[in-house]
>>> print(open('entry24.pdb').read())   # PDB, C-alpha atoms
ATOM      1  CA  GLU A   1      -5.993 -23.200  19.565
ATOM      2  CA  LEU A   2      -6.564 -20.858  16.623
ATOM      3  CA  LEU A   3      -4.188 -17.906  16.587
ATOM      4  CA  LEU A   4      -5.829 -14.918  14.944
ATOM      5  CA  GLU A   5      -2.567 -12.992  14.819
ATOM      6  CA  THR A   6       1.094 -13.373  15.675
ATOM      7  CA  PRO A   7       1.774 -12.455  19.323
ATOM      8  CA  GLY A   8       3.085  -8.906  19.312
ATOM      9  CA  SER A   9       1.937  -8.268  15.745
ATOM     10  CA  LEU A  10       1.646  -4.654  14.617
ATOM     11  CA  TRP A  11      -1.973  -5.241  13.578
ATOM     12  CA  THR A  12      -4.674  -7.278  15.321
ATOM     13  CA  ARG A  13      -7.982  -8.677  14.118
ATOM     14  CA  PRO A  14     -10.029  -6.398  16.419
ATOM     15  CA  MET A  15      -8.086  -3.401  15.096
ATOM     16  CA  ILE A  16      -8.885  -4.323  11.503
ATOM     17  CA  GLU A  17     -12.526  -5.188  12.215
ATOM     18  CA  ALA A  18     -12.969  -1.821  13.920
ATOM     19  CA  ALA A  19     -11.645  -0.132  10.776
ATOM     20  CA  ARG A  20     -14.258  -1.585   8.398
ATOM     21  CA  ILE A  21     -16.707   0.590   6.497
ATOM     22  CA  ASP A  22     -19.428  -0.659   4.145
ATOM     23  CA  HIS A  23     -19.267   2.091   1.529
ATOM     24  CA  THR A  24     -16.693   4.001  -0.452
ATOM     25  CA  PRO A  25     -16.465   7.554   0.924
ATOM     26  CA  ALA A  26     -15.696  10.643  -1.131
ATOM     27  CA  LEU A  27     -12.031  10.492  -2.035
ATOM     28  CA  ALA A  28      -9.503  13.310  -2.252
ATOM     29  CA  ARG A  29      -6.449  11.489  -3.594
ATOM     30  CA  VAL A  30      -5.808   7.910  -4.754
ATOM     31  CA  VAL A  31      -2.518   6.035  -5.037
ATOM     32  CA  VAL A  32      -1.525   2.590  -6.268
ATOM     33  CA  ALA A  33       1.531   1.239  -4.450
ATOM     34  CA  VAL A  34       3.689  -1.555  -5.861
ATOM     35  CA  ASP A  35       6.248  -3.775  -4.124
ATOM     36  CA  PRO A  36       7.906  -5.651  -7.027
ATOM     37  CA  PRO A  37       9.294  -9.178  -6.550
ATOM     38  CA  VAL A  38      12.925 -10.038  -7.248
ATOM     39  CA  THR A  39      12.006 -12.951  -9.557
ATOM     40  CA  SER A  40       8.897 -14.076 -11.465
ATOM     41  CA  ARG A  41       8.833 -17.824 -10.731
ATOM     42  CA  ALA A  42       5.698 -19.489  -9.364
ATOM     43  CA  SER A  43       7.462 -19.896  -6.012
ATOM     44  CA  SER A  44       8.565 -16.248  -5.895
ATOM     45  CA  ASP A  45       7.107 -13.636  -3.589
ATOM     46  CA  ALA A  46       4.007 -11.930  -4.886
ATOM     47  CA  CYS A  47       4.100  -8.489  -6.434
ATOM     48  CA  GLY A  48       2.282  -6.408  -3.853
ATOM     49  CA  ILE A  49      -0.209  -4.023  -5.475
ATOM     50  CA  VAL A  50      -2.459  -2.083  -3.082
ATOM     51  CA  VAL A  51      -4.859   0.778  -3.811
ATOM     52  CA  ALA A  52      -5.556   3.322  -1.072
ATOM     53  CA  ALA A  53      -6.935   6.839  -0.882
ATOM     54  CA  LEU A  54      -7.272   9.905   1.296
ATOM     55  CA  ILE A  55     -10.842  10.515   2.398
ATOM     56  CA  ALA A  56     -12.283  13.873   1.401
ATOM     57  CA  ASP A  57     -13.699  15.273   4.620
ATOM     58  CA  SER A  58     -13.172  18.972   5.255
ATOM     59  CA  ALA A  59     -14.835  18.682   8.672
ATOM     60  CA  ALA A  60     -12.359  16.080   9.960
ATOM     61  CA  GLU A  61      -9.740  17.335  12.400
ATOM     62  CA  THR A  62      -7.158  14.845  11.107
ATOM     63  CA  PRO A  63      -6.905  13.245   7.658
ATOM     64  CA  ARG A  64      -8.023   9.640   7.210
ATOM     65  CA  ALA A  65      -7.325   7.064   4.524
ATOM     66  CA  VAL A  66      -9.146   4.010   3.209
ATOM     67  CA  VAL A  67      -7.716   0.834   1.674
ATOM     68  CA  LEU A  68      -9.719   0.205  -1.490
ATOM     69  CA  ALA A  69      -8.264  -2.936  -3.058
ATOM     70  CA  ASP A  70      -5.508  -5.533  -3.131
ATOM     71  CA  TRP A  71      -4.512  -6.373  -6.700
ATOM     72  CA  SER A  72      -1.376  -8.334  -5.797
ATOM     73  CA  VAL A  73      -0.287 -11.172  -8.097
ATOM     74  CA  GLN A  74       2.255 -13.974  -7.840
ATOM     75  CA  GLY A  75       4.481 -15.692 -10.380
ATOM     76  CA  ARG A  76       3.958 -13.086 -13.079
ATOM     77  CA  SER A  77       6.554 -11.561 -15.361
ATOM     78  CA  PRO A  78       7.563  -7.924 -14.811
ATOM     79  CA  ARG A  79       5.483  -6.924 -17.817
ATOM     80  CA  ALA A  80       2.460  -8.767 -16.427
ATOM     81  CA  TRP A  81       2.552  -7.245 -12.936
ATOM     82  CA  ALA A  82       3.232  -3.804 -14.399
ATOM     83  CA  THR A  83       0.186  -4.209 -16.659
ATOM     84  CA  ARG A  84      -1.939  -5.134 -13.659
ATOM     85  CA  ALA A  85      -0.668  -2.181 -11.615
ATOM     86  CA  VAL A  86      -1.418   0.211 -14.472
ATOM     87  CA  ALA A  87      -4.894  -1.333 -14.828
ATOM     88  CA  ALA A  88      -5.547  -0.630 -11.138
ATOM     89  CA  TYR A  89      -4.248   2.917 -11.637
ATOM     90  CA  HIS A  90      -6.798   3.566 -14.369
ATOM     91  CA  GLN A  91      -9.711   1.689 -12.792
ATOM     92  CA  TYR A  92      -9.447   3.704  -9.593
ATOM     93  CA  LYS A  93      -8.505   6.941 -11.383
ATOM     94  CA  ALA A  94      -5.362   7.156  -9.278
ATOM     95  CA  ASP A  95      -3.309  10.303  -8.915
ATOM     96  CA  ARG A  96       0.000   8.455  -8.637
ATOM     97  CA  LEU A  97       1.642   5.056  -8.872
ATOM     98  CA  VAL A  98       4.270   4.546  -6.153
ATOM     99  CA  ALA A  99       6.803   1.724  -6.564
ATOM    100  CA  GLU A 100       9.705   0.505  -4.466
ATOM    101  CA  VAL A 101      12.882   0.399  -6.563
ATOM    102  CA  ASN A 102      15.351  -1.232  -4.181
ATOM    103  CA  GLN A 103      15.408  -4.454  -6.186
ATOM    104  CA  GLY A 104      14.915  -3.233  -9.746
ATOM    105  CA  GLY A 105      16.212   0.339  -9.725
ATOM    106  CA  ASP A 106      15.348   2.376 -12.812
ATOM    107  CA  MET A 107      14.072  -0.784 -14.521
ATOM    108  CA  VAL A 108      10.907  -0.662 -12.404
ATOM    109  CA  GLU A 109       9.828   2.684 -13.812
ATOM    110  CA  GLN A 110      10.938   1.685 -17.290
ATOM    111  CA  ILE A 111       8.763  -1.440 -17.228
ATOM    112  CA  VAL A 112       5.754   0.498 -15.975
ATOM    113  CA  ARG A 113       6.202   3.220 -18.595
ATOM    114  CA  GLU A 114       6.478   0.611 -21.343
ATOM    115  CA  VAL A 115       2.910  -0.295 -20.429
ATOM    116  CA  ASP A 116       1.732   3.325 -20.121
ATOM    117  CA  ASP A 117       4.043   6.320 -20.319
ATOM    118  CA  THR A 118       1.341   8.797 -19.269
ATOM    119  CA  ILE A 119       0.966   7.806 -15.621
ATOM    120  CA  ALA A 120       2.283   9.828 -12.694
ATOM    121  CA  PHE A 121       5.096   7.692 -11.226
ATOM    122  CA  ARG A 122       7.039   8.063  -7.993
ATOM    123  CA  ALA A 123       9.962   5.826  -7.091
ATOM    124  CA  VAL A 124      10.534   5.104  -3.399
ATOM    125  CA  ARG A 125      13.584   3.465  -1.870
ATOM    126  CA  ALA A 126      13.633   1.649   1.451
ATOM    127  CA  THR A 127      16.345   2.928   3.769
ATOM    128  CA  ARG A 128      14.996   1.278   6.938
ATOM    129  CA  GLY A 129      13.816  -2.230   7.810
ATOM    130  CA  LYS A 130      10.275  -3.377   7.054
ATOM    131  CA  ALA A 131       9.123  -3.170  10.675
ATOM    132  CA  LEU A 132      10.454   0.359  11.166
ATOM    133  CA  ARG A 133       8.642   1.486   8.029
ATOM    134  CA  ALA A 134       5.445  -0.264   9.097
ATOM    135  CA  GLU A 135       5.233   0.980  12.684
ATOM    136  CA  PRO A 136       4.062   4.557  11.866
ATOM    137  CA  VAL A 137       1.387   3.099   9.583
ATOM    138  CA  ALA A 138       0.222   0.672  12.293
ATOM    139  CA  ALA A 139       0.020   3.649  14.663
ATOM    140  CA  LEU A 140      -2.403   5.335  12.263
ATOM    141  CA  TYR A 141      -4.618   2.224  12.439
ATOM    142  CA  GLU A 142      -4.521   2.409  16.239
ATOM    143  CA  GLN A 143      -5.746   6.005  15.984
ATOM    144  CA  GLY A 144      -8.628   4.943  13.723
ATOM    145  CA  ARG A 145      -7.232   6.926  10.814
ATOM    146  CA  VAL A 146      -6.992   4.092   8.260
ATOM    147  CA  LEU A 147     -10.132   2.241   7.188
ATOM    148  CA  HIS A 148     -10.816  -0.903   5.144
ATOM    149  CA  LEU A 149     -13.759  -1.481   2.837
ATOM    150  CA  ALA A 150     -15.973  -4.331   3.973
ATOM    151  CA  ALA A 151     -15.105  -7.788   2.662
ATOM    152  CA  ASP A 152     -18.012  -7.887   0.192
ATOM    153  CA  LYS A 153     -16.828  -4.583  -1.290
ATOM    154  CA  ALA A 154     -13.082  -5.297  -1.483
ATOM    155  CA  PRO A 155     -11.586  -8.762  -0.806
ATOM    156  CA  LEU A 156      -8.671  -7.896   1.466
ATOM    157  CA  THR A 157      -8.419 -11.226   3.297
ATOM    158  CA  THR A 158      -4.905 -12.202   2.196
ATOM    159  CA  LEU A 159      -3.575  -8.711   2.879
ATOM    160  CA  GLU A 160      -5.153  -8.706   6.333
ATOM    161  CA  ASP A 161      -3.723 -12.164   7.082
ATOM    162  CA  GLN A 162      -0.257 -10.809   6.297
ATOM    163  CA  MET A 163      -0.862  -7.755   8.456
ATOM    164  CA  CYS A 164      -1.749  -9.922  11.469
ATOM    165  CA  ALA A 165       1.355 -12.095  10.906
ATOM    166  CA  PHE A 166       3.648  -9.073  10.854
ATOM    167  CA  GLY A 167       5.483  -8.545  14.137
ATOM    168  CA  PRO A 168       8.036  -5.924  15.125
ATOM    169  CA  HIS A 169      10.889  -8.424  14.747
ATOM    170  CA  ALA A 170       9.752 -11.013  12.204
ATOM    171  CA  PHE A 171       7.133 -11.977   9.639
ATOM    172  CA  THR A 172       5.527 -15.343  10.364
ATOM    173  CA  GLY A 173       3.110 -15.696   7.456
ATOM    174  CA  ASP A 174       2.859 -18.394   4.804
ATOM    175  CA  THR A 175       4.983 -16.492   2.299
ATOM    176  CA  LYS A 176       8.635 -15.543   2.550
ATOM    177  CA  SER A 177       7.954 -11.830   2.422
ATOM    178  CA  PRO A 178       5.059  -9.583   3.517
ATOM    179  CA  ASP A 179       4.770  -8.270  -0.038
ATOM    180  CA  ARG A 180       1.188  -7.045   0.265
ATOM    181  CA  VAL A 181       1.924  -5.321   3.577
ATOM    182  CA  ASP A 182       4.958  -3.630   2.010
ATOM    183  CA  ALA A 183       2.716  -2.199  -0.712
ATOM    184  CA  LEU A 184       0.155  -1.112   1.891
ATOM    185  CA  VAL A 185       2.854   0.656   3.905
ATOM    186  CA  TRP A 186       4.121   2.511   0.827
ATOM    187  CA  ALA A 187       0.567   3.588  -0.065
ATOM    188  CA  ILE A 188      -0.333   4.929   3.386
ATOM    189  CA  THR A 189       3.091   6.517   3.790
ATOM    190  CA  ASP A 190       2.673   8.410   0.527
ATOM    191  CA  LEU A 191      -0.840   9.538   1.445
ATOM    192  CA  MET A 192      -0.378  10.452   5.100
ATOM    193  CA  LEU A 193       3.254  10.433   6.200
ATOM    194  CA  THR A 194       5.089  12.155   3.343
ATOM    195  CA  ARG A 195       5.570  15.872   3.599
ATOM    196  CA  ARG A 196       4.796  17.853   0.491
ATOM    197  CA  PRO A 197       5.856  21.408  -0.158
ATOM    198  CA  GLU A 198       3.159  23.953   0.530
ATOM    199  CA  PRO A 199       2.850  27.220  -1.375
ATOM    200  CA  LYS A 200       4.196  30.174   0.567
ATOM    201  CA  VAL A 201       3.829  33.905   0.066
ATOM    202  CA  ARG A 202       7.150  35.657  -0.240
ATOM    203  CA  SER A 203       7.740  39.398  -0.290
ATOM    204  CA  LEU A 204       9.937  40.786  -3.043
TER
END
>>> encode(input="entry24.pdb", output="structure tokens")
Amino acid sequence: ELLLETPGSLWTRPMIEAARIDHTPALARVVVAVDPPVTSRASSDACGIVVAALIADSAAETPRAVVLADWSVQGRSPRAWATRAVAAYHQYKADRLVAEVNQGGDMVEQIVREVDDTIAFRAVRATRGKALRAEPVAALYEQGRVLHLAADKAPLTTLEDQMCAFGPHAFTGDTKSPDRVDALVWAITDLMLTRRPEPKVRSL
């Protein structure tokens, strides 16, 4: 019996297949999200690097996002994965690079800025477990508000495999950590679940 996803997983194959589009829509805002590994050995977790964007659609009642690419790499030095993340930032003309700093602290931003000190950088710190962070993002998929480019446009197979192995209580994939999913969650959270201050008119 071939299991297409972990029983109880936050994402299912039908959910992901229903989210596919065969073209890149007009984009309003692009982010590159990075989930750095603790070590850089060949057996270490990958450095999750995922590119996602808000779709520019003024007629839509609710905002939608699209996952554009998975640039994750494994067994690379901090300088190497930072170089790759910055390359994704420039290739997709991103508005921001978002990186989790729980493991590396200020060193994460320092490494990225050694590669390119002109990028817009935002550090994020995990204060809840992986599943709790992922559940609101999975809910957006259930609502049809997060799309994936078709496989011939953006190879997302490994990312999608991790998504379907990610349950509410455990990750059952081939790697020790859902590194690519972590990066995906940070990207969608920044685009769709993070409140930003809005300009207000104040009387003097």
>>> resolve_selection(input="entry24.pdb", expression="the PyMOL selection byres ((chain A and resi 23) around 8)", output="ChimeraX atom specification")
/A:21-22,24-25,149-150,153
>>> atom_distance(input="entry24.pdb", atom1="CA of Ala33 in chain A", atom2="CA of Asp190 in chain A")
8.8 Å
>>> resolve_selection(input="entry24.pdb", expression="the PyMOL selection byres ((chain A and resi 184) around 9)", output="PyMOL selection string")
chain A and resi 33-35+48-52+67+70+134+137+159+179-183+185-189
>>> atom_distance(input="entry24.pdb", atom1="CA of Thr158 in chain A", atom2="CA of Glu17 in chain A")
14.4 Å
>>> residues_near_point(input="entry24.pdb", point="(-6.9, 8.3, 8.9)", cutoff="6 Å", atoms="all atoms listed in the file", output="list in words")
Pro63, Arg64, Ala65, Arg145 and Val146 of chain A
>>> resolve_selection(input="entry24.pdb", expression="the PyMOL selection byres ((chain A and resi 93) around 12)", output="PyMOL selection string")
chain A and resi 27-32+51-53+86-92+94-97+119-120
>>> atom_distance(input="entry24.pdb", atom1="CA of Val112 in chain A", atom2="CA of Ala82 in chain A")
5.2 Å
>>> axis_aligned_box(input="entry24.pdb", around="range 162-169 of chain A", padding_each_side="8 Å", output="lines of an AutoDock Vina configuration file")
center_x = 4.6
center_y = -9.0
center_z = 10.7
size_x = 28.6
size_y = 22.2
size_z = 24.8
>>> residues_around(input="entry24.pdb", residues="Gly144 in chain A", least_positions_apart="2", cutoff="10 Å", atoms="all atoms listed in the file", output="list in words")
Met15, Ile16, Ala18, Ala19, Arg64, Ala65, Ala138, Ala139, Leu140, Tyr141, Glu142, Val146 and Leu147 of chain A
>>> residues_around(input="entry24.pdb", residues="Ala46 in chain A", least_positions_apart="3", cutoff="7 Å", atoms="all atoms listed in the file", output="list of chain:residue names")
A:Pro37, A:Ser72, A:Val73, A:Gln74, A:Gly75, A:Asp179
>>> residues_around(input="entry24.pdb", residues="Ser9 in chain A", least_positions_apart="5", cutoff="8 Å", atoms="all atoms listed in the file", output="list in words")
Met163, Cys164, Ala165, Phe166, Gly167 and Pro168 of chain A
>>> residues_around(input="entry24.pdb", residues="Glu109 in chain A", least_positions_apart="6", cutoff="10 Å", atoms="only C-alpha atoms", output="NGL selection string")
:A and (82 or 97-101 or 117 or 121-123)
>>> closest_residue(input="entry24.pdb", among="A:Thr157, A:Ser58, A:Thr12, A:Ser177", to="Lys130 in chain A", atoms="only C-alpha atoms")
A:Ser177
>>> decode(input="entry24.pdb", residues="range 137-152 of chain A", atoms="all heavy atoms", output="PDB file, in the first residue's frame")
ATOM      1  N   VAL A 137      -1.171  28.209   8.557  1.00  0.00           N
ATOM      2  CA  VAL A 137      -0.793  28.180   7.141  1.00  0.00           C
ATOM      3  C   VAL A 137      -1.540  27.068   6.422  1.00  0.00           C
ATOM      4  O   VAL A 137      -2.048  27.256   5.314  1.00  0.00           O
ATOM      5  CB  VAL A 137       0.729  28.014   6.997  1.00  0.00           C
ATOM      6  CG1 VAL A 137       1.122  27.828   5.530  1.00  0.00           C
ATOM      7  CG2 VAL A 137       1.448  29.221   7.585  1.00  0.00           C
ATOM      8  N   ALA A 138      -1.629  25.884   7.041  1.00  0.00           N
ATOM      9  CA  ALA A 138      -2.392  24.783   6.441  1.00  0.00           C
ATOM     10  C   ALA A 138      -3.848  25.177   6.260  1.00  0.00           C
ATOM     11  O   ALA A 138      -4.492  24.793   5.269  1.00  0.00           O
ATOM     12  CB  ALA A 138      -2.268  23.536   7.313  1.00  0.00           C
ATOM     13  N   ALA A 139      -4.382  25.957   7.196  1.00  0.00           N
ATOM     14  CA  ALA A 139      -5.777  26.412   7.080  1.00  0.00           C
ATOM     15  C   ALA A 139      -5.963  27.290   5.847  1.00  0.00           C
ATOM     16  O   ALA A 139      -7.015  27.241   5.192  1.00  0.00           O
ATOM     17  CB  ALA A 139      -6.180  27.167   8.340  1.00  0.00           C
ATOM     18  N   LEU A 140      -4.960  28.092   5.519  1.00  0.00           N
ATOM     19  CA  LEU A 140      -5.038  28.921   4.318  1.00  0.00           C
ATOM     20  C   LEU A 140      -5.089  28.051   3.062  1.00  0.00           C
ATOM     21  O   LEU A 140      -5.780  28.381   2.092  1.00  0.00           O
ATOM     22  CB  LEU A 140      -3.848  29.879   4.251  1.00  0.00           C
ATOM     23  CG  LEU A 140      -3.802  30.968   5.328  1.00  0.00           C
ATOM     24  CD1 LEU A 140      -2.498  31.753   5.224  1.00  0.00           C
ATOM     25  CD2 LEU A 140      -4.995  31.905   5.221  1.00  0.00           C
ATOM     26  N   TYR A 141      -4.343  26.941   3.064  1.00  0.00           N
ATOM     27  CA  TYR A 141      -4.414  25.997   1.936  1.00  0.00           C
ATOM     28  C   TYR A 141      -5.824  25.419   1.833  1.00  0.00           C
ATOM     29  O   TYR A 141      -6.369  25.276   0.724  1.00  0.00           O
ATOM     30  CB  TYR A 141      -3.408  24.862   2.138  1.00  0.00           C
ATOM     31  CG  TYR A 141      -2.008  25.166   1.670  1.00  0.00           C
ATOM     32  CD1 TYR A 141      -1.126  25.897   2.459  1.00  0.00           C
ATOM     33  CD2 TYR A 141      -1.538  24.708   0.435  1.00  0.00           C
ATOM     34  CE1 TYR A 141       0.172  26.159   2.042  1.00  0.00           C
ATOM     35  CE2 TYR A 141      -0.248  24.971   0.005  1.00  0.00           C
ATOM     36  CZ  TYR A 141       0.607  25.700   0.807  1.00  0.00           C
ATOM     37  OH  TYR A 141       1.892  25.963   0.382  1.00  0.00           O
ATOM     38  N   GLU A 142      -6.417  25.063   2.956  1.00  0.00           N
ATOM     39  CA  GLU A 142      -7.762  24.497   2.952  1.00  0.00           C
ATOM     40  C   GLU A 142      -8.771  25.484   2.371  1.00  0.00           C
ATOM     41  O   GLU A 142      -9.753  25.086   1.742  1.00  0.00           O
ATOM     42  CB  GLU A 142      -8.174  24.107   4.371  1.00  0.00           C
ATOM     43  CG  GLU A 142      -7.392  22.922   4.934  1.00  0.00           C
ATOM     44  CD  GLU A 142      -7.762  22.638   6.377  1.00  0.00           C
ATOM     45  OE1 GLU A 142      -8.412  23.504   7.014  1.00  0.00           O
ATOM     46  OE2 GLU A 142      -7.403  21.554   6.866  1.00  0.00           O
ATOM     47  N   GLN A 143      -8.515  26.768   2.559  1.00  0.00           N
ATOM     48  CA  GLN A 143      -9.399  27.809   2.033  1.00  0.00           C
ATOM     49  C   GLN A 143      -9.093  28.154   0.579  1.00  0.00           C
ATOM     50  O   GLN A 143      -9.744  29.016  -0.007  1.00  0.00           O
ATOM     51  CB  GLN A 143      -9.269  29.064   2.897  1.00  0.00           C
ATOM     52  CG  GLN A 143      -9.677  28.887   4.343  1.00  0.00           C
ATOM     53  CD  GLN A 143      -9.165  30.012   5.229  1.00  0.00           C
ATOM     54  OE1 GLN A 143      -8.832  31.106   4.759  1.00  0.00           O
ATOM     55  NE2 GLN A 143      -9.098  29.756   6.524  1.00  0.00           N
ATOM     56  N   GLY A 144      -8.091  27.498  -0.013  1.00  0.00           N
ATOM     57  CA  GLY A 144      -7.714  27.779  -1.389  1.00  0.00           C
ATOM     58  C   GLY A 144      -6.989  29.089  -1.563  1.00  0.00           C
ATOM     59  O   GLY A 144      -6.985  29.662  -2.660  1.00  0.00           O
ATOM     60  N   ARG A 145      -6.330  29.554  -0.507  1.00  0.00           N
ATOM     61  CA  ARG A 145      -5.693  30.870  -0.553  1.00  0.00           C
ATOM     62  C   ARG A 145      -4.188  30.813  -0.751  1.00  0.00           C
ATOM     63  O   ARG A 145      -3.529  31.858  -0.817  1.00  0.00           O
ATOM     64  CB  ARG A 145      -6.034  31.657   0.718  1.00  0.00           C
ATOM     65  CG  ARG A 145      -7.520  31.995   0.824  1.00  0.00           C
ATOM     66  CD  ARG A 145      -7.839  32.694   2.112  1.00  0.00           C
ATOM     67  NE  ARG A 145      -7.087  33.921   2.261  1.00  0.00           N
ATOM     68  CZ  ARG A 145      -6.999  34.622   3.393  1.00  0.00           C
ATOM     69  NH1 ARG A 145      -7.634  34.173   4.480  1.00  0.00           N
ATOM     70  NH2 ARG A 145      -6.301  35.728   3.450  1.00  0.00           N
ATOM     71  N   VAL A 146      -3.622  29.601  -0.865  1.00  0.00           N
ATOM     72  CA  VAL A 146      -2.201  29.451  -1.186  1.00  0.00           C
ATOM     73  C   VAL A 146      -2.089  28.507  -2.377  1.00  0.00           C
ATOM     74  O   VAL A 146      -2.643  27.399  -2.353  1.00  0.00           O
ATOM     75  CB  VAL A 146      -1.389  28.891  -0.002  1.00  0.00           C
ATOM     76  CG1 VAL A 146       0.097  28.825  -0.384  1.00  0.00           C
ATOM     77  CG2 VAL A 146      -1.564  29.759   1.238  1.00  0.00           C
ATOM     78  N   LEU A 147      -1.402  28.939  -3.405  1.00  0.00           N
ATOM     79  CA  LEU A 147      -1.273  28.184  -4.645  1.00  0.00           C
ATOM     80  C   LEU A 147       0.170  27.731  -4.847  1.00  0.00           C
ATOM     81  O   LEU A 147       1.098  28.281  -4.251  1.00  0.00           O
ATOM     82  CB  LEU A 147      -1.725  29.048  -5.828  1.00  0.00           C
ATOM     83  CG  LEU A 147      -3.118  29.679  -5.700  1.00  0.00           C
ATOM     84  CD1 LEU A 147      -3.395  30.564  -6.905  1.00  0.00           C
ATOM     85  CD2 LEU A 147      -4.182  28.617  -5.547  1.00  0.00           C
ATOM     86  N   HIS A 148       0.348  26.724  -5.702  1.00  0.00           N
ATOM     87  CA  HIS A 148       1.677  26.241  -6.079  1.00  0.00           C
ATOM     88  C   HIS A 148       1.797  26.295  -7.595  1.00  0.00           C
ATOM     89  O   HIS A 148       0.858  25.889  -8.305  1.00  0.00           O
ATOM     90  CB  HIS A 148       1.883  24.792  -5.636  1.00  0.00           C
ATOM     91  CG  HIS A 148       2.180  24.626  -4.184  1.00  0.00           C
ATOM     92  ND1 HIS A 148       2.790  23.495  -3.675  1.00  0.00           N
ATOM     93  CD2 HIS A 148       1.984  25.437  -3.126  1.00  0.00           C
ATOM     94  CE1 HIS A 148       2.927  23.619  -2.367  1.00  0.00           C
ATOM     95  NE2 HIS A 148       2.440  24.803  -2.017  1.00  0.00           N
ATOM     96  N   LEU A 149       2.946  26.750  -8.089  1.00  0.00           N
ATOM     97  CA  LEU A 149       3.177  26.665  -9.526  1.00  0.00           C
ATOM     98  C   LEU A 149       3.251  25.202  -9.941  1.00  0.00           C
ATOM     99  O   LEU A 149       3.694  24.343  -9.176  1.00  0.00           O
ATOM    100  CB  LEU A 149       4.476  27.374  -9.898  1.00  0.00           C
ATOM    101  CG  LEU A 149       4.438  28.901  -9.960  1.00  0.00           C
ATOM    102  CD1 LEU A 149       5.788  29.430 -10.437  1.00  0.00           C
ATOM    103  CD2 LEU A 149       3.327  29.407 -10.863  1.00  0.00           C
ATOM    104  N   ALA A 150       2.825  24.919 -11.140  1.00  0.00           N
ATOM    105  CA  ALA A 150       2.857  23.552 -11.656  1.00  0.00           C
ATOM    106  C   ALA A 150       4.278  23.016 -11.657  1.00  0.00           C
ATOM    107  O   ALA A 150       5.256  23.775 -11.713  1.00  0.00           O
ATOM    108  CB  ALA A 150       2.275  23.519 -13.064  1.00  0.00           C
ATOM    109  N   ALA A 151       4.398  21.685 -11.606  1.00  0.00           N
ATOM    110  CA  ALA A 151       5.701  21.044 -11.441  1.00  0.00           C
ATOM    111  C   ALA A 151       6.694  21.422 -12.535  1.00  0.00           C
ATOM    112  O   ALA A 151       7.896  21.538 -12.284  1.00  0.00           O
ATOM    113  CB  ALA A 151       5.527  19.522 -11.394  1.00  0.00           C
ATOM    114  N   ASP A 152       6.214  21.629 -13.772  1.00  0.00           N
ATOM    115  CA  ASP A 152       7.145  21.969 -14.850  1.00  0.00           C
ATOM    116  C   ASP A 152       7.599  23.418 -14.763  1.00  0.00           C
ATOM    117  O   ASP A 152       8.570  23.811 -15.415  1.00  0.00           O
ATOM    118  CB  ASP A 152       6.508  21.704 -16.209  1.00  0.00           C
ATOM    119  CG  ASP A 152       5.246  22.530 -16.430  1.00  0.00           C
ATOM    120  OD1 ASP A 152       4.564  22.842 -15.432  1.00  0.00           O
ATOM    121  OD2 ASP A 152       4.958  22.862 -17.597  1.00  0.00           O
TER     122      ASP A 152
END
